[in-house]
Amino acid sequence: MSAHGKEENRTGTIIRLQGGFYDVMTELGEVRSRARGNFRKRGIAPVVGDDVLLHIEGEAGYILEVNERSNFLVRPPIANIDQALLLFSATEPAFSAHLLDRFLVLIEAKEIKPVIVLTKMDLLEGEEERVVKVAIEAYRKIGYTVIETSSETLEGIEVVRPLLEGKTSVLAGQSGVGKSSLLNALEPELALETSHISKALGRGRHTTRHVTLMPLAGGLVADTPGFSNLDFPHEMEIEDLRWCFPEFVRLQDDCKFRGCLHLNEPGCAIKGAVESGEIFPSRYSNYGMFVEEIKNRARRY
Ligand SMILES: Nc1nc2c(ncn2[C@@H]2O[C@H](COP(=O)(O)OP(=O)(O)OP(=O)(O)O)[C@@H](O)[C@H]2O)c(=O)[nH]1
Ligand SMILES: [Mg+2]
Ligand SMILES: [Zn+2]
């Protein structure tokens, strides 16, 4: 590209926000861009993942248009995601089925495909290993893909790689679970910064501070600073929650009442399935807690 006045329009994808600039990946490579264009008046702030129309003058780009988004997460701010890799450490910090179910609900509600990736399998042993293995089988039985990985031994890394091809994926998970480490294991040249989890706090240090999309394994992958807000969205009602539990959805036609919320209704197939052991007990208890949370929230507004 010449710096002397060559002008053209190109499409591209925003891969990074930095110091008021948007870095846009185009067929010509990365173009550092500013936002210009009337989408601003419509209240659209471009985010990472947005497909844009760019006007390029020399080395500089100006975003003219932001294409309609297929989906959008607020925190981390990112658009047009095909799948979310939900990273959970098998240990350090300890695996939490409650937190996993919360992430699953948030992602299912956005109609984004979740893939569960357990990290730090190399550190797992004893009773904790037994408990985590039971959970892994339970989530597989629901129909979720669960991949057991270690960035140390590289277990499972080659199972993750083909899933990324041709897709835009976001890595979600608490600070310190090993998101950046997994990306480094997939592609050592990335050399992303990682850091030991704080011994004092028993959790991560929020090493990654910005959302960035990187080309990896034939797709685009976003390392993120984690999900800072795990509250259910305002628009989510109690009635919506049951649709975010695929194993409930499969059985709900057998409930005696149409529109059964699987709480205190008689003849509830979901409660029956919990009793018979077909539904993993913590899935149902977490569902109940999430219902309560949304109920209490409703009272606040
Ligand atoms: N033994 C072992 N340690 C791991 C593994 N994955 C990550 N770690 C360690 O866990 C710590 C945190 O890893 P990071 O990759 O920085 O975690 P992160 O999820 O990117 O954290 P934030 O950027 O703060 O959100 C580092 O000390 C890593 O070396 C693993 O599979 N096995
Ligand atoms: Mg990180
Ligand atoms: Zn029911």
# chains A, B, ... in the order shown; residues from 1 in each chain; ligands from 1
$ select_by_dssp --residues "range 157-196 of chain A" --states "strand (DSSP E)" --output "count of residues only"
5
$ residues_around --residues "Tyr144 in chain A" --least-positions-apart "6" --cutoff "8 Å" --atoms "only C-alpha atoms" --output "compact mmCIF listing (two decimals) with all heavy atoms, in the first residue's frame"
# COMPACT_ATOMS: atom_id res chain seq x y z
N PRO A 114 -21.59 -23.74 22.73
CA PRO A 114 -20.53 -23.88 23.73
C PRO A 114 -19.72 -25.17 23.53
O PRO A 114 -20.26 -26.20 23.14
CB PRO A 114 -21.30 -23.96 25.04
CG PRO A 114 -22.65 -24.47 24.69
CD PRO A 114 -22.88 -24.27 23.22
N VAL A 115 -18.44 -25.08 23.79
CA VAL A 115 -17.57 -26.27 23.86
C VAL A 115 -16.88 -26.18 25.21
O VAL A 115 -16.29 -25.14 25.54
CB VAL A 115 -16.52 -26.25 22.74
CG1 VAL A 115 -15.54 -27.41 22.89
CG2 VAL A 115 -17.17 -26.29 21.36
N ILE A 116 -16.98 -27.23 26.00
CA ILE A 116 -16.38 -27.20 27.34
C ILE A 116 -14.95 -27.73 27.26
O ILE A 116 -14.72 -28.82 26.75
CB ILE A 116 -17.21 -28.05 28.33
CG1 ILE A 116 -18.65 -27.52 28.41
CG2 ILE A 116 -16.54 -28.06 29.71
CD1 ILE A 116 -19.61 -28.47 29.12
$ closest_residue --among "A:Ile15, A:Ile279, A:Ala79, A:Leu171" --to "ligand 1" --atoms "only C-alpha atoms and all ligand atoms"
A:Leu171
$ residues_near_ligand --ligand "ligand 3" --cutoff "10 Å" --atoms "only C-alpha atoms and all ligand atoms" --output "PDB file with all heavy atoms, in the first residue's frame"
ATOM      1  N   ARG A 242     -35.384 -22.411  31.342  1.00  0.00           N
ATOM      2  CA  ARG A 242     -35.442 -23.870  31.080  1.00  0.00           C
ATOM      3  C   ARG A 242     -34.974 -24.208  29.671  1.00  0.00           C
ATOM      4  O   ARG A 242     -34.530 -25.315  29.412  1.00  0.00           O
ATOM      5  CB  ARG A 242     -36.852 -24.397  31.334  1.00  0.00           C
ATOM      6  CG  ARG A 242     -37.875 -23.721  30.453  1.00  0.00           C
ATOM      7  CD  ARG A 242     -39.274 -23.840  31.021  1.00  0.00           C
ATOM      8  NE  ARG A 242     -40.029 -22.706  30.488  1.00  0.00           N
ATOM      9  CZ  ARG A 242     -41.286 -22.764  30.088  1.00  0.00           C
ATOM     10  NH1 ARG A 242     -41.961 -23.874  30.197  1.00  0.00           N
ATOM     11  NH2 ARG A 242     -41.870 -21.707  29.606  1.00  0.00           N
ATOM     12  N   PHE A 248     -33.299 -30.722  29.732  1.00  0.00           N
ATOM     13  CA  PHE A 248     -34.661 -30.456  30.196  1.00  0.00           C
ATOM     14  C   PHE A 248     -35.571 -30.331  28.965  1.00  0.00           C
ATOM     15  O   PHE A 248     -36.686 -30.838  28.947  1.00  0.00           O
ATOM     16  CB  PHE A 248     -34.763 -29.144  30.984  1.00  0.00           C
ATOM     17  CG  PHE A 248     -33.998 -29.094  32.289  1.00  0.00           C
ATOM     18  CD1 PHE A 248     -33.099 -30.093  32.656  1.00  0.00           C
ATOM     19  CD2 PHE A 248     -34.191 -28.023  33.159  1.00  0.00           C
ATOM     20  CE1 PHE A 248     -32.393 -30.019  33.858  1.00  0.00           C
ATOM     21  CE2 PHE A 248     -33.495 -27.939  34.370  1.00  0.00           C
ATOM     22  CZ  PHE A 248     -32.590 -28.934  34.708  1.00  0.00           C
ATOM     23  N   VAL A 249     -35.065 -29.625  27.964  1.00  0.00           N
ATOM     24  CA  VAL A 249     -35.862 -29.375  26.761  1.00  0.00           C
ATOM     25  C   VAL A 249     -36.283 -30.704  26.115  1.00  0.00           C
ATOM     26  O   VAL A 249     -37.420 -30.867  25.688  1.00  0.00           O
ATOM     27  CB  VAL A 249     -35.072 -28.512  25.751  1.00  0.00           C
ATOM     28  CG1 VAL A 249     -35.825 -28.362  24.430  1.00  0.00           C
ATOM     29  CG2 VAL A 249     -34.770 -27.130  26.344  1.00  0.00           C
ATOM     30  N   LEU A 251     -36.933 -33.465  27.515  1.00  0.00           N
ATOM     31  CA  LEU A 251     -37.929 -34.222  28.281  1.00  0.00           C
ATOM     32  C   LEU A 251     -39.206 -33.438  28.575  1.00  0.00           C
ATOM     33  O   LEU A 251     -40.180 -34.004  29.053  1.00  0.00           O
ATOM     34  CB  LEU A 251     -37.312 -34.665  29.625  1.00  0.00           C
ATOM     35  CG  LEU A 251     -36.190 -35.697  29.573  1.00  0.00           C
ATOM     36  CD1 LEU A 251     -35.603 -35.888  30.972  1.00  0.00           C
ATOM     37  CD2 LEU A 251     -36.706 -37.029  29.033  1.00  0.00           C
ATOM     38  N   GLN A 252     -39.212 -32.148  28.292  1.00  0.00           N
ATOM     39  CA  GLN A 252     -40.292 -31.309  28.834  1.00  0.00           C
ATOM     40  C   GLN A 252     -41.674 -31.634  28.274  1.00  0.00           C
ATOM     41  O   GLN A 252     -42.682 -31.342  28.927  1.00  0.00           O
ATOM     42  CB  GLN A 252     -39.964 -29.820  28.667  1.00  0.00           C
ATOM     43  CG  GLN A 252     -39.966 -29.325  27.241  1.00  0.00           C
ATOM     44  CD  GLN A 252     -39.556 -27.856  27.145  1.00  0.00           C
ATOM     45  OE1 GLN A 252     -39.093 -27.260  28.118  1.00  0.00           O
ATOM     46  NE2 GLN A 252     -39.737 -27.274  25.975  1.00  0.00           N
ATOM     47  N   ASP A 253     -41.735 -32.269  27.116  1.00  0.00           N
ATOM     48  CA  ASP A 253     -43.045 -32.639  26.574  1.00  0.00           C
ATOM     49  C   ASP A 253     -43.738 -33.702  27.430  1.00  0.00           C
ATOM     50  O   ASP A 253     -44.937 -33.904  27.319  1.00  0.00           O
ATOM     51  CB  ASP A 253     -42.912 -33.158  25.131  1.00  0.00           C
ATOM     52  CG  ASP A 253     -42.641 -32.021  24.154  1.00  0.00           C
ATOM     53  OD1 ASP A 253     -42.800 -30.846  24.560  1.00  0.00           O
ATOM     54  OD2 ASP A 253     -42.253 -32.302  23.005  1.00  0.00           O
ATOM     55  N   ASP A 254     -42.935 -34.374  28.260  1.00  0.00           N
ATOM     56  CA  ASP A 254     -43.518 -35.397  29.138  1.00  0.00           C
ATOM     57  C   ASP A 254     -44.040 -34.813  30.449  1.00  0.00           C
ATOM     58  O   ASP A 254     -44.608 -35.534  31.271  1.00  0.00           O
ATOM     59  CB  ASP A 254     -42.484 -36.487  29.454  1.00  0.00           C
ATOM     60  CG  ASP A 254     -42.047 -37.234  28.199  1.00  0.00           C
ATOM     61  OD1 ASP A 254     -42.817 -37.212  27.215  1.00  0.00           O
ATOM     62  OD2 ASP A 254     -40.944 -37.814  28.193  1.00  0.00           O
ATOM     63  N   CYS A 255     -43.813 -33.514  30.683  1.00  0.00           N
ATOM     64  CA  CYS A 255     -44.371 -32.887  31.888  1.00  0.00           C
ATOM     65  C   CYS A 255     -45.895 -32.822  31.737  1.00  0.00           C
ATOM     66  O   CYS A 255     -46.404 -32.626  30.634  1.00  0.00           O
ATOM     67  CB  CYS A 255     -43.818 -31.472  32.083  1.00  0.00           C
ATOM     68  SG  CYS A 255     -42.058 -31.437  32.479  1.00  0.00           S
ATOM     69  N   LYS A 256     -46.573 -32.975  32.858  1.00  0.00           N
ATOM     70  CA  LYS A 256     -48.034 -32.995  32.817  1.00  0.00           C
ATOM     71  C   LYS A 256     -48.581 -31.668  32.318  1.00  0.00           C
ATOM     72  O   LYS A 256     -49.541 -31.623  31.546  1.00  0.00           O
ATOM     73  CB  LYS A 256     -48.555 -33.298  34.226  1.00  0.00           C
ATOM     74  CG  LYS A 256     -50.051 -33.476  34.289  1.00  0.00           C
ATOM     75  CD  LYS A 256     -50.464 -34.011  35.643  1.00  0.00           C
ATOM     76  CE  LYS A 256     -51.989 -33.962  35.781  1.00  0.00           C
ATOM     77  NZ  LYS A 256     -52.371 -34.032  37.201  1.00  0.00           N
ATOM     78  N   PHE A 257     -47.971 -30.581  32.778  1.00  0.00           N
ATOM     79  CA  PHE A 257     -48.476 -29.257  32.378  1.00  0.00           C
ATOM     80  C   PHE A 257     -47.613 -28.646  31.293  1.00  0.00           C
ATOM     81  O   PHE A 257     -46.387 -28.662  31.378  1.00  0.00           O
ATOM     82  CB  PHE A 257     -48.510 -28.317  33.592  1.00  0.00           C
ATOM     83  CG  PHE A 257     -49.497 -28.741  34.620  1.00  0.00           C
ATOM     84  CD1 PHE A 257     -49.088 -29.364  35.795  1.00  0.00           C
ATOM     85  CD2 PHE A 257     -50.860 -28.536  34.407  1.00  0.00           C
ATOM     86  CE1 PHE A 257     -50.013 -29.784  36.746  1.00  0.00           C
ATOM     87  CE2 PHE A 257     -51.793 -28.947  35.355  1.00  0.00           C
ATOM     88  CZ  PHE A 257     -51.370 -29.570  36.521  1.00  0.00           C
ATOM     89  N   ARG A 258     -48.283 -28.127  30.324  1.00  0.00           N
ATOM     90  CA  ARG A 258     -47.617 -27.336  29.301  1.00  0.00           C
ATOM     91  C   ARG A 258     -47.022 -26.102  29.967  1.00  0.00           C
ATOM     92  O   ARG A 258     -47.659 -25.520  30.840  1.00  0.00           O
ATOM     93  CB  ARG A 258     -48.689 -26.831  28.341  1.00  0.00           C
ATOM     94  CG  ARG A 258     -48.457 -27.101  26.907  1.00  0.00           C
ATOM     95  CD  ARG A 258     -49.663 -26.488  26.212  1.00  0.00           C
ATOM     96  NE  ARG A 258     -50.015 -27.217  25.017  1.00  0.00           N
ATOM     97  CZ  ARG A 258     -49.483 -26.950  23.836  1.00  0.00           C
ATOM     98  NH1 ARG A 258     -48.619 -25.977  23.700  1.00  0.00           N
ATOM     99  NH2 ARG A 258     -49.857 -27.626  22.783  1.00  0.00           N
ATOM    100  N   GLY A 259     -45.840 -25.726  29.592  1.00  0.00           N
ATOM    101  CA  GLY A 259     -45.238 -24.542  30.201  1.00  0.00           C
ATOM    102  C   GLY A 259     -44.730 -24.817  31.612  1.00  0.00           C
ATOM    103  O   GLY A 259     -44.506 -23.889  32.392  1.00  0.00           O
ATOM    104  N   CYS A 260     -44.591 -26.097  31.956  1.00  0.00           N
ATOM    105  CA  CYS A 260     -44.075 -26.486  33.279  1.00  0.00           C
ATOM    106  C   CYS A 260     -42.708 -25.834  33.503  1.00  0.00           C
ATOM    107  O   CYS A 260     -41.845 -25.869  32.632  1.00  0.00           O
ATOM    108  CB  CYS A 260     -43.938 -28.007  33.332  1.00  0.00           C
ATOM    109  SG  CYS A 260     -43.370 -28.658  34.915  1.00  0.00           S
ATOM    110  N   LEU A 261     -42.541 -25.231  34.674  1.00  0.00           N
ATOM    111  CA  LEU A 261     -41.244 -24.613  34.999  1.00  0.00           C
ATOM    112  C   LEU A 261     -40.351 -25.581  35.770  1.00  0.00           C
ATOM    113  O   LEU A 261     -39.255 -25.227  36.189  1.00  0.00           O
ATOM    114  CB  LEU A 261     -41.461 -23.338  35.828  1.00  0.00           C
ATOM    115  CG  LEU A 261     -42.096 -22.148  35.102  1.00  0.00           C
ATOM    116  CD1 LEU A 261     -42.376 -21.017  36.094  1.00  0.00           C
ATOM    117  CD2 LEU A 261     -41.208 -21.654  33.980  1.00  0.00           C
ATOM    118  N   HIS A 262     -40.846 -26.784  35.974  1.00  0.00           N
ATOM    119  CA  HIS A 262     -40.088 -27.855  36.646  1.00  0.00           C
ATOM    120  C   HIS A 262     -39.734 -27.478  38.085  1.00  0.00           C
ATOM    121  O   HIS A 262     -38.663 -27.821  38.579  1.00  0.00           O
ATOM    122  CB  HIS A 262     -38.805 -28.207  35.872  1.00  0.00           C
ATOM    123  CG  HIS A 262     -38.966 -28.182  34.375  1.00  0.00           C
ATOM    124  ND1 HIS A 262     -40.028 -28.768  33.738  1.00  0.00           N
ATOM    125  CD2 HIS A 262     -38.205 -27.625  33.398  1.00  0.00           C
ATOM    126  CE1 HIS A 262     -39.903 -28.585  32.420  1.00  0.00           C
ATOM    127  NE2 HIS A 262     -38.815 -27.890  32.195  1.00  0.00           N
ATOM    128  N   LEU A 263     -40.627 -26.738  38.721  1.00  0.00           N
ATOM    129  CA  LEU A 263     -40.349 -26.334  40.096  1.00  0.00           C
ATOM    130  C   LEU A 263     -41.233 -27.124  41.054  1.00  0.00           C
ATOM    131  O   LEU A 263     -40.785 -28.106  41.617  1.00  0.00           O
ATOM    132  CB  LEU A 263     -40.540 -24.820  40.255  1.00  0.00           C
ATOM    133  CG  LEU A 263     -39.584 -23.986  39.384  1.00  0.00           C
ATOM    134  CD1 LEU A 263     -39.967 -22.512  39.386  1.00  0.00           C
ATOM    135  CD2 LEU A 263     -38.140 -24.159  39.846  1.00  0.00           C
ATOM    136  N   ASN A 264     -42.501 -26.693  41.200  1.00  0.00           N
ATOM    137  CA  ASN A 264     -43.377 -27.401  42.132  1.00  0.00           C
ATOM    138  C   ASN A 264     -44.572 -28.045  41.457  1.00  0.00           C
ATOM    139  O   ASN A 264     -45.466 -28.545  42.120  1.00  0.00           O
ATOM    140  CB  ASN A 264     -43.868 -26.418  43.213  1.00  0.00           C
ATOM    141  CG  ASN A 264     -42.697 -25.843  43.985  1.00  0.00           C
ATOM    142  OD1 ASN A 264     -41.821 -26.594  44.440  1.00  0.00           O
ATOM    143  ND2 ASN A 264     -42.637 -24.528  44.107  1.00  0.00           N
ATOM    144  N   GLU A 265     -44.583 -28.027  40.131  1.00  0.00           N
ATOM    145  CA  GLU A 265     -45.725 -28.578  39.414  1.00  0.00           C
ATOM    146  C   GLU A 265     -45.785 -30.098  39.591  1.00  0.00           C
ATOM    147  O   GLU A 265     -44.756 -30.765  39.556  1.00  0.00           O
ATOM    148  CB  GLU A 265     -45.614 -28.260  37.919  1.00  0.00           C
ATOM    149  CG  GLU A 265     -45.608 -26.765  37.575  1.00  0.00           C
ATOM    150  CD  GLU A 265     -44.202 -26.168  37.474  1.00  0.00           C
ATOM    151  OE1 GLU A 265     -43.263 -26.700  38.122  1.00  0.00           O
ATOM    152  OE2 GLU A 265     -44.052 -25.165  36.767  1.00  0.00           O
ATOM    153  N   PRO A 266     -46.980 -30.650  39.776  1.00  0.00           N
ATOM    154  CA  PRO A 266     -47.088 -32.112  39.833  1.00  0.00           C
ATOM    155  C   PRO A 266     -46.867 -32.725  38.447  1.00  0.00           C
ATOM    156  O   PRO A 266     -47.079 -32.064  37.433  1.00  0.00           O
ATOM    157  CB  PRO A 266     -48.533 -32.337  40.304  1.00  0.00           C
ATOM    158  CG  PRO A 266     -49.263 -31.060  40.051  1.00  0.00           C
ATOM    159  CD  PRO A 266     -48.257 -29.953  39.963  1.00  0.00           C
ATOM    160  N   GLY A 267     -46.400 -33.965  38.443  1.00  0.00           N
ATOM    161  CA  GLY A 267     -46.214 -34.678  37.178  1.00  0.00           C
ATOM    162  C   GLY A 267     -45.112 -34.103  36.313  1.00  0.00           C
ATOM    163  O   GLY A 267     -45.178 -34.160  35.092  1.00  0.00           O
ATOM    164  N   CYS A 268     -44.089 -33.550  36.976  1.00  0.00           N
ATOM    165  CA  CYS A 268     -42.983 -32.940  36.219  1.00  0.00           C
ATOM    166  C   CYS A 268     -41.969 -34.012  35.806  1.00  0.00           C
ATOM    167  O   CYS A 268     -41.402 -34.709  36.650  1.00  0.00           O
ATOM    168  CB  CYS A 268     -42.307 -31.868  37.065  1.00  0.00           C
ATOM    169  SG  CYS A 268     -40.808 -31.227  36.301  1.00  0.00           S
ATOM    170  N   ALA A 269     -41.752 -34.134  34.507  1.00  0.00           N
ATOM    171  CA  ALA A 269     -40.836 -35.157  33.976  1.00  0.00           C
ATOM    172  C   ALA A 269     -39.386 -34.870  34.361  1.00  0.00           C
ATOM    173  O   ALA A 269     -38.570 -35.786  34.499  1.00  0.00           O
ATOM    174  CB  ALA A 269     -40.964 -35.224  32.453  1.00  0.00           C
ATOM    175  N   ILE A 270     -39.080 -33.589  34.533  1.00  0.00           N
ATOM    176  CA  ILE A 270     -37.692 -33.229  34.862  1.00  0.00           C
ATOM    177  C   ILE A 270     -37.371 -33.678  36.287  1.00  0.00           C
ATOM    178  O   ILE A 270     -36.330 -34.284  36.541  1.00  0.00           O
ATOM    179  CB  ILE A 270     -37.475 -31.695  34.729  1.00  0.00           C
ATOM    180  CG1 ILE A 270     -37.957 -31.187  33.357  1.00  0.00           C
ATOM    181  CG2 ILE A 270     -36.024 -31.326  34.997  1.00  0.00           C
ATOM    182  CD1 ILE A 270     -37.373 -31.887  32.148  1.00  0.00           C
ATOM    183  N   LYS A 271     -38.315 -33.394  37.196  1.00  0.00           N
ATOM    184  CA  LYS A 271     -38.081 -33.829  38.579  1.00  0.00           C
ATOM    185  C   LYS A 271     -37.988 -35.344  38.654  1.00  0.00           C
ATOM    186  O   LYS A 271     -37.160 -35.894  39.378  1.00  0.00           O
ATOM    187  CB  LYS A 271     -39.187 -33.308  39.495  1.00  0.00           C
ATOM    188  CG  LYS A 271     -38.833 -31.935  40.055  1.00  0.00           C
ATOM    189  CD  LYS A 271     -39.648 -31.592  41.277  1.00  0.00           C
ATOM    190  CE  LYS A 271     -41.064 -31.252  40.865  1.00  0.00           C
ATOM    191  NZ  LYS A 271     -41.887 -30.771  41.982  1.00  0.00           N
ATOM    192  N   GLY A 272     -38.823 -36.019  37.865  1.00  0.00           N
ATOM    193  CA  GLY A 272     -38.764 -37.479  37.789  1.00  0.00           C
ATOM    194  C   GLY A 272     -37.396 -37.948  37.328  1.00  0.00           C
ATOM    195  O   GLY A 272     -36.827 -38.901  37.875  1.00  0.00           O
ATOM    196  N   ALA A 273     -36.862 -37.262  36.327  1.00  0.00           N
ATOM    197  CA  ALA A 273     -35.564 -37.661  35.767  1.00  0.00           C
ATOM    198  C   ALA A 273     -34.419 -37.380  36.735  1.00  0.00           C
ATOM    199  O   ALA A 273     -33.396 -38.064  36.714  1.00  0.00           O
ATOM    200  CB  ALA A 273     -35.331 -36.938  34.441  1.00  0.00           C
TER     201      ALA A 273
END
$ residues_around --residues "Leu86 in chain A" --least-positions-apart "4" --cutoff "12 Å" --atoms "only C-alpha atoms" --output "ChimeraX atom specification"
/A:99-108,112-119,144-148,160,169-174,177-179,182,223-224,226-227
$ select_by_dssp --residues "range 38-137 of chain A" --states "helix (DSSP H, G or I)" --output "compact mmCIF listing (two decimals) with C-alpha atoms, in the first residue's frame"
# COMPACT_ATOMS: atom_id res chain seq x y z
CA ASN A 38 -23.02 7.53 10.36
CA PHE A 39 -23.28 4.30 12.40
CA ARG A 40 -22.06 6.46 15.25
CA ALA A 97 -20.28 -27.06 38.22
CA HIS A 98 -22.26 -24.03 39.40
CA LEU A 99 -20.04 -21.64 37.48
CA LEU A 100 -20.03 -23.91 34.44
CA ASP A 101 -23.84 -24.01 34.40
CA ARG A 102 -23.93 -20.23 34.67
CA PHE A 103 -21.61 -19.83 31.67
CA LEU A 104 -23.63 -22.41 29.75
CA VAL A 105 -26.85 -20.50 30.38
CA LEU A 106 -25.29 -17.19 29.32
CA ILE A 107 -23.93 -18.72 26.12
CA GLU A 108 -27.03 -20.82 25.31
CA ALA A 109 -29.15 -17.68 25.76
CA MET A 121 -5.82 -32.12 33.74
CA ASP A 122 -2.16 -32.89 34.57
CA LEU A 123 -2.68 -31.53 38.09
CA GLY A 126 -7.21 -38.44 44.08
CA GLU A 127 -10.78 -37.74 45.17
CA GLU A 128 -10.88 -34.49 43.23
CA GLU A 129 -10.08 -36.42 40.05
CA ARG A 130 -12.95 -38.82 40.70
CA VAL A 131 -15.43 -35.97 41.21
CA VAL A 132 -14.32 -34.13 38.08
CA LYS A 133 -14.48 -37.30 35.96
CA VAL A 134 -18.07 -37.90 37.05
CA ALA A 135 -18.96 -34.33 36.06
CA ILE A 136 -17.24 -34.72 32.68
CA GLU A 137 -19.36 -37.78 31.90
$ closest_residue --among "A:Lys120, A:His210, A:Lys167, A:Lys141" --to "ligand 1" --atoms "only C-alpha atoms and all ligand atoms"
A:Lys120
$ residues_around --residues "Gly219 in chain A" --least-positions-apart "4" --cutoff "10 Å" --atoms "only C-alpha atoms" --output "PyMOL selection string"
chain A and resi 161-169+213-215
$ atom_distance --atom1 "CA of Asn67 in chain A" --atom2 "CA of Glu7 in chain A"
21.1 Å
$ atom_distance --atom1 "CA of Thr194 in chain A" --atom2 "atom 13 (O, counted along the ligand's line) of ligand 1"
5.1 Å
$ closest_residue --among "A:Val274, A:Ile157, A:Leu230, A:Val221" --to "ligand 1" --atoms "only C-alpha atoms and all ligand atoms"
A:Ile157
$ closest_residue --among "A:Phe95, A:Phe21, A:Phe88, A:Tyr284" --to "ligand 1" --atoms "only C-alpha atoms and all ligand atoms"
A:Phe88
$ closest_residue --among "A:Ser195, A:Lys110, A:Ser276, A:Arg32" --to "Ala84 in chain A" --atoms "only C-alpha atoms"
A:Lys110
$ atom_distance --atom1 "CA of Thr212 in chain A" --atom2 "CA of Arg16 in chain A"
5.0 Å
$ closest_residue --among "A:Gln83, A:Ser96, A:Thr91, A:Asn296" --to "ligand 1" --atoms "only C-alpha atoms and all ligand atoms"
A:Thr91
$ residues_around --residues "Ser33 in chain A" --least-positions-apart "6" --cutoff "12 Å" --atoms "only C-alpha atoms" --output "PyMOL selection string"
chain A and resi 10+12-26+46+52-64
$ write_last_selection --atoms "N, CA and C atoms" --output "compact mmCIF listing (two decimals), in the first residue's frame"
# COMPACT_ATOMS: atom_id res chain seq x y z
N ARG A 10 -12.53 -1.34 1.20
CA ARG A 10 -12.28 -2.76 1.46
C ARG A 10 -13.16 -3.24 2.60
N GLY A 12 -13.40 -5.84 5.96
CA GLY A 12 -12.47 -6.46 6.90
C GLY A 12 -13.16 -6.74 8.23
N THR A 13 -12.39 -7.29 9.15
CA THR A 13 -12.90 -7.63 10.48
C THR A 13 -12.05 -6.93 11.54
N ILE A 14 -12.72 -6.28 12.49
CA ILE A 14 -11.97 -5.64 13.57
C ILE A 14 -11.36 -6.71 14.47
N ILE A 15 -10.05 -6.67 14.63
CA ILE A 15 -9.40 -7.69 15.47
C ILE A 15 -8.87 -7.13 16.78
N ARG A 16 -8.82 -5.81 16.90
CA ARG A 16 -8.21 -5.24 18.10
C ARG A 16 -8.64 -3.78 18.24
N LEU A 17 -8.82 -3.33 19.48
CA LEU A 17 -9.05 -1.91 19.76
C LEU A 17 -7.85 -1.42 20.52
N GLN A 18 -7.26 -0.34 20.09
CA GLN A 18 -6.06 0.11 20.77
C GLN A 18 -5.91 1.62 20.68
N GLY A 19 -5.89 2.28 21.81
CA GLY A 19 -5.65 3.72 21.87
C GLY A 19 -6.55 4.51 20.92
N GLY A 20 -7.81 4.15 20.89
CA GLY A 20 -8.75 4.91 20.05
C GLY A 20 -8.75 4.48 18.60
N PHE A 21 -7.89 3.53 18.26
CA PHE A 21 -7.86 3.00 16.88
C PHE A 21 -8.48 1.61 16.83
N TYR A 22 -8.96 1.28 15.66
CA TYR A 22 -9.44 -0.08 15.41
C TYR A 22 -8.48 -0.72 14.42
N ASP A 23 -7.94 -1.86 14.78
CA ASP A 23 -7.11 -2.60 13.82
C ASP A 23 -8.01 -3.56 13.06
N VAL A 24 -8.04 -3.37 11.75
CA VAL A 24 -8.95 -4.15 10.91
C VAL A 24 -8.14 -5.08 10.02
N MET A 25 -8.49 -6.37 10.07
CA MET A 25 -7.83 -7.36 9.21
C MET A 25 -8.54 -7.37 7.86
N THR A 26 -7.78 -7.04 6.81
CA THR A 26 -8.32 -7.07 5.46
C THR A 26 -7.46 -8.01 4.62
N PRO A 46 -18.31 0.30 17.29
CA PRO A 46 -17.71 -0.91 16.72
C PRO A 46 -16.95 -1.69 17.79
N VAL A 52 -16.64 -4.87 8.85
CA VAL A 52 -16.79 -3.46 8.51
C VAL A 52 -16.42 -3.18 7.06
N LEU A 53 -16.94 -2.05 6.60
CA LEU A 53 -16.50 -1.51 5.31
C LEU A 53 -15.53 -0.38 5.63
N LEU A 54 -14.38 -0.45 4.99
CA LEU A 54 -13.29 0.46 5.31
C LEU A 54 -12.96 1.31 4.09
N HIS A 55 -12.74 2.59 4.33
CA HIS A 55 -12.17 3.43 3.28
C HIS A 55 -10.70 3.60 3.61
N ILE A 56 -9.85 3.24 2.67
CA ILE A 56 -8.41 3.29 2.94
C ILE A 56 -7.77 4.39 2.11
N GLU A 57 -7.05 5.28 2.82
CA GLU A 57 -6.28 6.34 2.16
C GLU A 57 -4.84 6.17 2.58
N GLY A 58 -4.02 5.71 1.68
CA GLY A 58 -2.63 5.45 2.05
C GLY A 58 -2.58 4.39 3.11
N GLU A 59 -2.02 4.70 4.28
CA GLU A 59 -1.88 3.72 5.36
C GLU A 59 -3.08 3.76 6.31
N ALA A 60 -3.89 4.79 6.18
CA ALA A 60 -4.94 5.01 7.17
C ALA A 60 -6.29 4.47 6.70
N GLY A 61 -7.04 3.92 7.63
CA GLY A 61 -8.36 3.42 7.31
C GLY A 61 -9.43 4.20 8.05
N TYR A 62 -10.60 4.29 7.46
CA TYR A 62 -11.76 4.90 8.10
C TYR A 62 -12.91 3.94 8.00
N ILE A 63 -13.49 3.59 9.13
CA ILE A 63 -14.62 2.67 9.10
C ILE A 63 -15.86 3.43 8.66
N LEU A 64 -16.47 2.97 7.57
CA LEU A 64 -17.65 3.64 7.03
C LEU A 64 -18.94 2.97 7.49
$ decode --residues "range 174-185 of chain A" --atoms "C-alpha atoms" --output "short mmCIF file (atom, residue, chain, number, x, y, z; two decimals), in the first residue's frame"
data_model
loop_
_atom_site.label_atom_id
_atom_site.label_comp_id
_atom_site.auth_asym_id
_atom_site.auth_seq_id
_atom_site.Cartn_x
_atom_site.Cartn_y
_atom_site.Cartn_z
CA GLN A 174 -12.18 -17.11 34.94
CA SER A 175 -8.83 -15.47 35.32
CA GLY A 176 -6.13 -18.07 35.85
CA VAL A 177 -7.85 -21.08 34.26
CA GLY A 178 -5.27 -21.09 31.48
CA LYS A 179 -6.86 -19.38 28.46
CA SER A 180 -3.64 -17.77 27.28
CA SER A 181 -1.69 -20.93 28.10
CA LEU A 182 -3.99 -22.99 25.89
CA LEU A 183 -3.51 -20.59 23.00
CA ASN A 184 0.26 -20.72 23.51
CA ALA A 185 0.09 -24.53 23.50
#
